[in-house]
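> So here's coords.txt, just compact mmCIF, C-alpha atoms:
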# COMPACT_ATOMS: atom_id res chain seq x y z
CA MET Y 18 26.96 12.35 11.43
CA SER Y 19 25.40 14.95 9.12
CA ARG Y 20 23.40 13.72 6.15
CA LYS Y 21 24.14 14.82 2.61
CA VAL Y 22 21.34 16.80 0.97
CA SER Y 23 20.12 15.63 -2.44
CA TRP Y 24 20.04 19.10 -3.96
CA PRO Y 25 18.37 18.26 -7.31
CA VAL Y 26 15.43 16.64 -5.50
CA PHE Y 27 15.21 19.42 -2.91
CA LEU Y 28 15.35 22.20 -5.50
CA TYR Y 29 12.76 20.52 -7.72
CA ILE Y 30 10.21 19.84 -4.97
CA ALA Y 31 10.75 23.08 -3.06
CA GLY Y 32 10.96 25.00 -6.34
CA TYR Y 33 7.64 23.95 -7.80
CA HIS Y 34 5.87 24.45 -4.45
CA LEU Y 35 7.28 27.99 -4.30
CA PHE Y 36 6.39 28.59 -7.96
CA LEU Y 37 2.77 27.54 -7.39
CA ALA Y 38 2.50 29.57 -4.17
CA ILE Y 39 3.46 32.72 -6.10
CA ALA Y 40 2.26 32.15 -9.68
CA LEU Y 41 -1.04 30.29 -9.18
CA PRO Y 42 -2.80 33.13 -7.26
CA ILE Y 43 -1.63 35.60 -9.93
CA TYR Y 44 -2.99 33.32 -12.67
CA LEU Y 45 -6.33 32.87 -10.85
CA LEU Y 46 -6.78 36.64 -10.47
CA SER Y 47 -7.10 37.00 -14.24
CA HIS Y 48 -8.23 33.52 -15.34
CA THR Y 49 -11.01 31.15 -14.37
CA PRO Y 50 -10.16 27.51 -15.13
CA SER Y 51 -12.90 25.75 -17.08
CA LEU Y 52 -14.74 22.74 -15.69
CA SER Y 53 -13.28 20.64 -18.52
CA LEU Y 54 -9.75 21.64 -17.50
CA ILE Y 55 -10.39 20.75 -13.86
CA LEU Y 56 -11.98 17.39 -14.74
CA ILE Y 57 -9.20 16.41 -17.15
CA SER Y 58 -6.56 17.40 -14.60
CA ALA Y 59 -8.34 15.34 -11.93
CA GLY Y 60 -8.49 12.42 -14.36
CA LEU Y 61 -4.74 12.65 -14.94
CA VAL Y 62 -4.16 12.73 -11.18
CA PHE Y 63 -6.08 9.47 -10.93
CA ILE Y 64 -4.48 7.78 -13.97
CA SER Y 65 -0.91 8.68 -13.02
CA GLY Y 66 -1.64 7.67 -9.41
CA ILE Y 67 -2.93 4.29 -10.57
CA ALA Y 68 0.20 3.87 -12.69
CA ILE Y 69 2.28 4.21 -9.53
CA THR Y 70 0.00 1.95 -7.48
CA ALA Y 71 -0.61 -0.82 -10.03
CA GLY Y 72 2.74 -0.41 -11.79
CA TYR Y 73 5.62 0.68 -9.56
CA HIS Y 74 4.06 -0.75 -6.41
CA ARG Y 75 2.16 -3.97 -7.07
CA LEU Y 76 3.67 -5.07 -10.39
CA TYR Y 77 7.33 -4.19 -9.89
CA SER Y 78 7.98 -3.77 -6.16
CA HIS Y 79 6.02 -6.83 -5.01
CA SER Y 80 5.57 -8.90 -8.21
CA CYS Y 81 1.90 -9.39 -7.30
CA TYR Y 82 1.01 -10.16 -10.91
CA LYS Y 83 2.43 -10.24 -14.43
CA THR Y 84 1.14 -8.37 -17.45
CA HIS Y 85 1.59 -7.82 -21.18
CA PRO Y 86 4.57 -5.64 -22.24
CA VAL Y 87 2.18 -3.13 -23.85
CA ILE Y 88 0.41 -2.67 -20.49
CA GLU Y 89 3.83 -2.30 -18.84
CA ALA Y 90 4.76 0.42 -21.32
CA ILE Y 91 1.51 2.30 -20.65
CA LEU Y 92 2.02 2.05 -16.89
CA LEU Y 93 5.61 3.29 -17.20
CA PHE Y 94 4.51 6.21 -19.39
CA PHE Y 95 1.94 7.46 -16.88
CA ALA Y 96 4.26 6.68 -13.95
CA SER Y 97 6.76 9.00 -15.65
CA VAL Y 98 4.00 11.62 -15.77
CA ALA Y 99 3.69 11.14 -11.99
CA THR Y 100 7.30 12.33 -11.56
CA GLN Y 101 8.29 10.07 -8.66
CA GLY Y 102 11.59 8.81 -10.03
CA SER Y 103 12.30 5.79 -12.20
CA ALA Y 104 10.70 2.42 -11.48
CA LEU Y 105 14.12 1.04 -10.51
CA ARG Y 106 14.75 3.87 -8.03
CA TRP Y 107 11.20 3.72 -6.59
CA CYS Y 108 11.22 -0.05 -6.14
CA ASN Y 109 14.67 -0.04 -4.54
CA ASP Y 110 13.46 2.39 -1.87
CA HIS Y 111 10.15 0.59 -1.38
CA ARG Y 112 11.67 -2.86 -0.97
CA LEU Y 113 14.08 -1.46 1.62
CA HIS Y 114 11.08 0.09 3.39
CA HIS Y 115 9.36 -3.31 3.68
CA ALA Y 116 12.54 -5.16 4.63
CA PHE Y 117 13.48 -2.71 7.40
CA VAL Y 118 10.15 -1.07 8.28
CA ASP Y 119 10.30 1.27 11.30
CA THR Y 120 14.08 0.92 11.69
CA ASP Y 121 16.97 3.23 10.84
CA LYS Y 122 17.42 1.35 7.55
CA ASP Y 123 13.84 2.16 6.52
CA PRO Y 124 14.21 5.05 4.02
CA TYR Y 125 10.95 6.68 5.09
CA SER Y 126 10.43 5.43 8.62
CA VAL Y 127 7.60 7.22 10.42
CA LYS Y 128 9.59 6.72 13.64
CA LYS Y 129 11.75 9.63 12.47
CA GLY Y 130 8.70 11.89 12.33
CA LEU Y 131 5.57 12.32 10.25
CA LEU Y 132 7.09 15.05 8.08
CA HIS Y 133 10.20 12.92 7.49
CA ALA Y 134 8.05 10.03 6.24
CA HIS Y 135 5.94 12.38 4.13
CA VAL Y 136 8.62 14.30 2.24
CA LEU Y 137 11.87 15.11 4.09
CA TRP Y 138 13.35 11.63 3.54
CA MET Y 139 13.68 12.35 -0.19
CA PHE Y 140 15.97 15.30 0.48
CA PHE Y 141 18.50 13.06 2.23
CA ARG Y 142 18.18 9.68 0.50
CA SER Y 143 21.16 7.94 -1.03
CA ASN Y 144 21.51 8.18 -4.80
CA GLU Y 145 22.81 4.62 -4.93
CA ILE Y 146 20.63 1.69 -5.97
CA ASP Y 147 21.49 -1.71 -4.48
CA PRO Y 148 21.73 -4.19 -7.39
CA LYS Y 149 20.84 -7.07 -5.05
CA VAL Y 150 17.57 -5.41 -4.02
CA VAL Y 151 16.32 -4.98 -7.61
CA SER Y 152 18.21 -7.75 -9.41
CA ASP Y 153 15.00 -9.08 -11.03
CA LEU Y 154 14.07 -5.65 -12.39
CA SER Y 155 17.53 -5.14 -13.85
CA ARG Y 156 16.64 -7.72 -16.50
CA ASN Y 157 13.52 -5.84 -17.62
CA LYS Y 158 14.36 -3.85 -20.78
CA LEU Y 159 11.46 -1.42 -20.40
CA ILE Y 160 12.47 -0.58 -16.83
CA GLN Y 161 16.11 -0.20 -17.82
CA PHE Y 162 15.21 2.12 -20.70
CA GLN Y 163 13.07 4.30 -18.44
CA HIS Y 164 15.76 4.41 -15.75
CA LYS Y 165 18.54 5.28 -18.20
CA HIS Y 166 16.48 8.01 -19.89
CA TYR Y 167 14.32 9.01 -16.93
CA VAL Y 168 14.66 12.80 -17.23
CA PHE Y 169 13.69 12.60 -20.90
CA CYS Y 170 10.76 10.25 -20.17
CA MET Y 171 9.51 12.49 -17.36
CA LEU Y 172 9.76 15.74 -19.33
CA ALA Y 173 8.46 14.31 -22.62
CA SER Y 174 5.42 12.64 -21.02
CA ASN Y 175 4.45 15.75 -19.04
CA ILE Y 176 4.98 18.11 -21.99
CA LEU Y 177 2.93 15.80 -24.22
CA CYS Y 178 0.04 15.72 -21.72
CA PHE Y 179 -0.05 19.46 -21.15
CA LEU Y 180 0.23 20.27 -24.89
CA ALA Y 181 -2.47 17.74 -25.80
CA VAL Y 182 -4.91 19.17 -23.24
CA GLY Y 183 -3.92 22.74 -24.15
CA TRP Y 184 -4.69 22.02 -27.82
CA LEU Y 185 -7.93 20.20 -26.99
CA LEU Y 186 -9.27 23.03 -24.81
CA ASN Y 187 -7.44 25.86 -26.58
CA ASP Y 188 -6.01 26.84 -23.20
CA TYR Y 189 -2.27 26.22 -23.05
CA LEU Y 190 -1.65 28.44 -20.04
CA GLY Y 191 -4.42 26.76 -18.05
CA ALA Y 192 -3.10 23.35 -19.05
CA PHE Y 193 0.41 24.37 -18.01
CA PHE Y 194 -0.79 25.27 -14.52
CA PHE Y 195 -3.41 22.60 -13.88
CA VAL Y 196 -2.48 19.60 -16.05
CA TRP Y 197 1.17 19.83 -15.06
CA TRP Y 198 1.82 21.61 -11.79
CA VAL Y 199 -1.43 21.56 -9.80
CA ARG Y 200 -1.92 17.92 -10.78
CA LEU Y 201 1.62 17.17 -9.65
CA LEU Y 202 1.08 18.92 -6.31
CA VAL Y 203 -2.07 16.90 -5.58
CA LEU Y 204 -0.59 13.62 -6.82
CA HIS Y 205 2.64 13.97 -4.86
CA HIS Y 206 0.96 14.73 -1.56
CA THR Y 207 -1.65 11.98 -1.89
CA THR Y 208 1.07 9.46 -2.70
CA TRP Y 209 3.27 10.69 0.15
CA CYS Y 210 0.33 10.19 2.54
CA ILE Y 211 0.88 6.44 2.12
CA ASN Y 212 4.31 6.76 3.74
CA SER Y 213 3.15 9.15 6.45
CA LEU Y 214 -0.56 8.98 7.39
CA ALA Y 215 -0.91 5.29 6.49
CA HIS Y 216 1.70 4.59 9.20
CA PHE Y 217 0.15 6.93 11.73
CA TRP Y 218 -3.65 7.25 11.68
CA GLY Y 219 -5.89 4.17 11.59
CA THR Y 220 -6.48 0.66 12.91
CA GLN Y 221 -4.29 -2.44 13.04
CA MET Y 222 -6.45 -5.51 12.49
CA TYR Y 223 -3.83 -7.88 11.11
CA SER Y 224 -0.58 -7.10 12.87
CA ARG Y 225 0.97 -4.72 15.38
CA GLU Y 226 4.52 -5.74 14.50
CA HIS Y 227 4.83 -2.67 12.27
CA SER Y 228 3.38 0.85 12.23
CA ALA Y 229 1.21 0.43 9.12
CA VAL Y 230 -2.51 1.04 9.64
CA ASP Y 231 -5.79 0.58 7.76
CA ASN Y 232 -7.82 3.71 7.08
CA TYR Y 233 -10.69 3.86 4.58
CA LEU Y 234 -10.43 7.64 4.19
CA ILE Y 235 -6.74 7.36 3.33
CA SER Y 236 -7.59 4.70 0.72
CA LEU Y 237 -9.80 7.28 -1.04
CA LEU Y 238 -6.88 9.71 -1.15
CA THR Y 239 -4.26 7.16 -2.18
CA TYR Y 240 -5.96 5.18 -4.98
CA GLY Y 241 -6.73 2.18 -2.76
CA GLU Y 242 -3.50 2.04 -0.77
CA GLY Y 243 -5.13 2.89 2.56
CA TYR Y 244 -5.43 -0.73 3.73
CA HIS Y 245 -1.80 -0.54 4.71
CA ASN Y 246 -1.81 -2.80 7.75
CA TYR Y 247 -3.07 -5.62 5.54
CA HIS Y 248 -0.53 -4.76 2.87
CA HIS Y 249 2.45 -4.82 5.23
CA THR Y 250 1.22 -8.14 6.64
CA PHE Y 251 0.60 -9.73 3.21
CA ALA Y 252 2.71 -7.63 0.85
CA TYR Y 253 2.53 -10.01 -2.13
CA ASP Y 254 -1.29 -9.94 -2.46
CA TYR Y 255 -2.35 -8.03 -5.59
CA ARG Y 256 -5.19 -6.59 -3.50
CA ASN Y 257 -4.94 -4.03 -0.73
CA GLY Y 258 -8.64 -3.92 0.00
CA ILE Y 259 -9.75 -7.54 0.25
CA ARG Y 260 -13.49 -6.94 0.70
CA TRP Y 261 -15.73 -6.23 -2.29
CA TYR Y 262 -16.68 -2.86 -0.80
CA HIS Y 263 -13.09 -1.73 -0.17
CA PHE Y 264 -12.11 1.13 -2.45
CA ASP Y 265 -9.17 -0.29 -4.39
CA PRO Y 266 -9.22 0.76 -8.08
CA ALA Y 267 -5.82 -0.83 -8.74
CA LYS Y 268 -7.24 -4.19 -7.62
CA TRP Y 269 -10.21 -3.78 -9.96
CA MET Y 270 -7.95 -2.77 -12.84
CA ILE Y 271 -5.64 -5.77 -12.37
CA TRP Y 272 -8.65 -8.11 -12.09
CA THR Y 273 -10.15 -6.65 -15.31
CA LEU Y 274 -6.85 -7.05 -17.16
CA HIS Y 275 -6.78 -10.66 -16.00
CA LYS Y 276 -10.30 -11.28 -17.36
CA PHE Y 277 -9.19 -9.95 -20.76
CA GLY Y 278 -6.06 -12.11 -20.75
CA LEU Y 279 -3.70 -9.15 -20.25
CA ALA Y 280 -2.60 -10.05 -16.71
CA HIS Y 281 -1.74 -13.40 -15.18
CA ASP Y 282 -0.18 -15.05 -12.12
CA LEU Y 283 -2.25 -12.88 -9.78
CA LYS Y 284 -1.09 -13.56 -6.22
CA ARG Y 285 -3.82 -13.71 -3.61
CA VAL Y 286 -3.59 -14.68 0.04
CA ASN Y 287 -5.70 -17.68 1.03
CA ASN Y 288 -8.74 -16.71 3.15
CA TYR Y 289 -7.79 -19.28 5.78
CA ARG Y 290 -4.36 -17.74 6.17
CA ILE Y 291 -5.96 -14.31 6.61
CA ALA Y 292 -8.35 -15.75 9.22
CA ARG Y 293 -5.41 -17.35 11.03
CA GLN Y 294 -3.52 -14.05 11.13
CA LEU Y 295 -6.58 -12.23 12.49
CA LEU Y 296 -7.00 -14.95 15.11
CA LEU Y 297 -3.37 -14.82 16.25
CA ASP Y 298 -3.45 -11.04 16.53
CA HIS Y 299 -6.72 -11.21 18.52
CA LYS Y 300 -5.19 -13.87 20.78
CA ASN Y 301 -2.17 -11.68 21.52
CA ARG Y 302 -4.42 -8.72 22.36
CA LEU Y 303 -6.52 -10.84 24.73
CA VAL Y 304 -3.46 -12.24 26.52
CA GLU Y 305 -2.07 -8.71 26.94
CA SER Y 306 -5.44 -7.52 28.25
CA ILE Y 307 -5.60 -10.36 30.78
CA LYS Y 308 -2.08 -9.66 32.05
CA LYS Y 309 -2.63 -5.92 32.39
CA SER Y 310 -6.09 -5.97 33.98
CA TYR Y 311 -5.53 -8.21 37.02
CA TYR Y 312 -8.29 -10.61 36.02
CA ILE Y 313 -9.64 -13.21 38.44
CA HIS Y 314 -8.32 -16.64 37.41
CA ARG Y 315 -5.83 -14.89 35.17
CA ASP Y 316 -3.62 -17.95 34.59
CA SER Y 317 -6.51 -20.25 33.70
CA LEU Y 318 -8.03 -17.66 31.35
CA GLU Y 319 -4.72 -17.12 29.61
CA ALA Y 320 -4.25 -20.89 29.23
CA LYS Y 321 -7.77 -21.26 27.81
CA VAL Y 322 -7.25 -18.45 25.28
CA THR Y 323 -3.97 -20.00 24.16
CA GLN Y 324 -5.40 -23.52 23.93
CA VAL Y 325 -8.49 -22.59 21.87
CA ALA Y 326 -6.57 -20.17 19.63
CA ASP Y 327 -3.83 -22.72 18.95
CA THR Y 328 -6.41 -25.39 18.07
CA LEU Y 329 -8.12 -23.03 15.64
CA SER Y 330 -4.80 -21.94 14.18
CA GLN Y 331 -3.71 -25.54 13.55
CA LYS Y 332 -6.98 -26.40 11.80
CA LEU Y 333 -6.88 -23.27 9.64
CA THR Y 334 -3.32 -24.16 8.63
CA GLN Y 335 -4.37 -27.74 7.84
CA ILE Y 336 -7.24 -26.57 5.62
CA GLN Y 337 -4.97 -24.10 3.84
CA THR Y 338 -2.33 -26.79 3.23
CA LEU Y 339 -4.88 -29.33 1.98
CA LEU Y 340 -6.48 -26.85 -0.43
CA GLU Y 341 -3.08 -25.94 -1.85
CA ARG Y 342 -2.20 -29.60 -2.49
CA SER Y 343 -5.08 -30.84 -4.65
CA LYS Y 344 -8.84 -31.17 -4.90
CA ASP Y 345 -9.36 -34.93 -5.19
CA LYS Y 346 -12.25 -36.60 -3.34
CA GLU Y 347 -10.17 -37.66 -0.34
CA ILE Y 348 -8.82 -34.14 0.19
CA VAL Y 349 -12.30 -32.62 -0.20
CA THR Y 350 -13.64 -35.03 2.44
CA GLN Y 351 -10.86 -34.07 4.87
CA VAL Y 352 -11.48 -30.37 4.28
CA ARG Y 353 -15.22 -30.77 4.92
CA ALA Y 354 -14.54 -32.59 8.19
CA LEU Y 355 -12.11 -29.90 9.31
CA LYS Y 356 -14.55 -27.12 8.40
CA LYS Y 357 -17.27 -28.84 10.42
CA SER Y 358 -15.07 -29.11 13.52
CA LEU Y 359 -13.87 -25.56 12.91
CA LYS Y 360 -17.39 -24.20 13.46
CA LYS Y 361 -17.45 -25.77 16.92
CA ASP Y 362 -14.04 -24.29 17.75
CA TRP Y 363 -15.12 -20.82 16.57
CA ARG Y 364 -18.14 -20.99 18.89
CA GLU Y 365 -15.85 -21.95 21.76
CA TRP Y 366 -13.54 -19.06 20.90
CA LYS Y 367 -16.44 -16.59 20.97
CA GLU Y 368 -17.50 -17.92 24.37
CA VAL Y 369 -13.97 -17.46 25.72
CA VAL Y 370 -13.94 -13.87 24.45
CA LYS Y 371 -17.33 -13.21 26.09
CA THR Y 372 -16.12 -14.73 29.37
CA ILE Y 373 -13.11 -12.42 29.43
CA SER Y 374 -15.22 -9.36 28.64
CA ARG Y 375 -17.61 -10.22 31.51
CA GLN Y 376 -14.87 -11.04 34.01
CA SER Y 377 -14.51 -8.42 36.72
CA PRO Y 378 -10.99 -7.10 37.33
CA LYS Y 379 -9.48 -8.40 40.53
CA SER Y 380 -9.36 -5.77 43.20
CA LEU Y 381 -5.87 -4.62 44.12
CA ALA Y 382 -6.96 -4.81 47.76
CA HIS Y 383 -7.24 -8.62 47.64
Would you kindly transcribe this structure into structure tokens?

Amino acid sequence: MSRKVSWPVFLYIAGYHLFLAIALPIYLLSHTPSLSLILISAGLVFISGIAITAGYHRLYSHSCYKTHPVIEAILLFFASVATQGSALRWCNDHRLHHAFVDTDKDPYSVKKGLLHAHVLWMFFRSNEIDPKVVSDLSRNKLIQFQHKHYVFCMLASNILCFLAVGWLLNDYLGAFFFVWWVRLLVLHHTTWCINSLAHFWGTQMYSREHSAVDNYLISLLTYGEGYHNYHHTFAYDYRNGIRWYHFDPAKWMIWTLHKFGLAHDLKRVNNYRIARQLLLDHKNRLVESIKKSYYIHRDSLEAKVTQVADTLSQKLTQIQTLLERSKDKEIVTQVRALKKSLKKDWREWKEVVKTISRQSPKSLAH
């Protein structure tokens, strides 16, 4: 069955790409953009990208935290500058993506091709929004206002930005090209990389049940969204990069807002749950490796891997459950005892892994 083309979206995206391909070289032949213009444009790329990441994505799509209405309004303003549709439209598509990742119901499934996930999906997406998917957002007055008046919000915010920079630098033509259209080109493609490259090129530490991958380079291009395997495994965590050295400016912004009392109810996955997920994924990889490599004593090795991993998993779950209940003296004592026994189990797990790595594959001639 043929798919219906969304002509307004196609004409807008194809149109501004064609416009820049023709007009930008002509402009650059007679004009040299100032360093100030380039830096301000780059700053707006970053700010509008963060508005999508911290606003549309983590605040609205996944409810990772809550924030003050003034902060919401600022995020919605700069998300409108980003020109990626209304928050309601964006979140509807993104929630469907998580619910049906890598299936035909996934709006931007990478299984349909890298280019489809990057941009083509928008040319064929349904214009309908499922009220059940975004029922919580339908009660948000700011989101409803932006959705109802999206074209106005998008045009007004972009015109305001380009006029303000044009006035500041006394370069309206340069601002028109760089603050509006070049910025939009860069922002769109970096954001689209999350749907394409972040499901194609990288590592899968936490889960192989979906195509999402972690890639530090992609995180630099996508405002901290490159730790995508973690995100698809623990979608409700306000962080994407969980280590202090992970580049995740949205995480730092949300944390800073929290410290100033402007954000609350930050959702964060317990470290023991993360460790358990890493363990289970490692266990599955080891079992697969044993089965495929014709190891000597394959059955006993597989049983040992399962036994040690299951013991560790149970203890990690127990610690997580106890910590979530309370922190009275009895609970603290139980947690300490479990942590102590956990160290012994971790050592045993490492020995099992070493044993498997040293084990010679069984000859097919035997």
> Ranking Y:Met139, Y:Val151, Y:Ile259, Y:Leu131 by minimum distance to Cys210 of chain Y and counting all atoms listed in the file, which one comes first?
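Residue with the minimum atom-to-atom distance to Cys210 of chain Y: Y:Leu131.
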> For each of Y:Trp363, Y:Tyr240, Y:Tyr247, Y:Tyr289, take the minimum atom-to-atom distance to Glu226 of chain Y, counting all atoms listed in the file, then give the residue where this is smallest.
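That would be Y:Tyr247, the residue with the smallest distance to Glu226 of chain Y.
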> What lies within 9 Å of Lys356 of chain Y using only C-alpha atoms, ignoring chain neighbours under 4 positions off, as a PyMOL selection string?
chain Y and resi 332-333+336+351-352+360
> Name the closest residue to Ala252 of chain Y among the candidates Y:Ala38, Y:Asn287, Y:Ile88, Y:Arg75; distances are taken between atoms, counting all atoms listed in the file.
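Ranked by minimum distance to Ala252 of chain Y, first place goes to Y:Arg75.
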> Find the residue from Y:Val325, Y:Leu45, Y:Val118, Y:Val203 that sits nearest to Phe63 of chain Y; use all atoms listed in the file when measuring.
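Of Y:Val325, Y:Leu45, Y:Val118, Y:Val203, the one nearest Phe63 of chain Y, counting all atoms listed in the file, is Y:Val203.
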> State, in Å with one decimal place, the distance from atom CA of Leu41 of chain Y to atom CA of Gly191 of chain Y.
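Distance reported for this atom pair: 10.1 Å.
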> Looking at Y:Lys309, Y:Lys361, Y:His205, Y:His216, which one is nearest to His114 of chain Y, with distances taken over all atoms listed in the file?
Y:His216
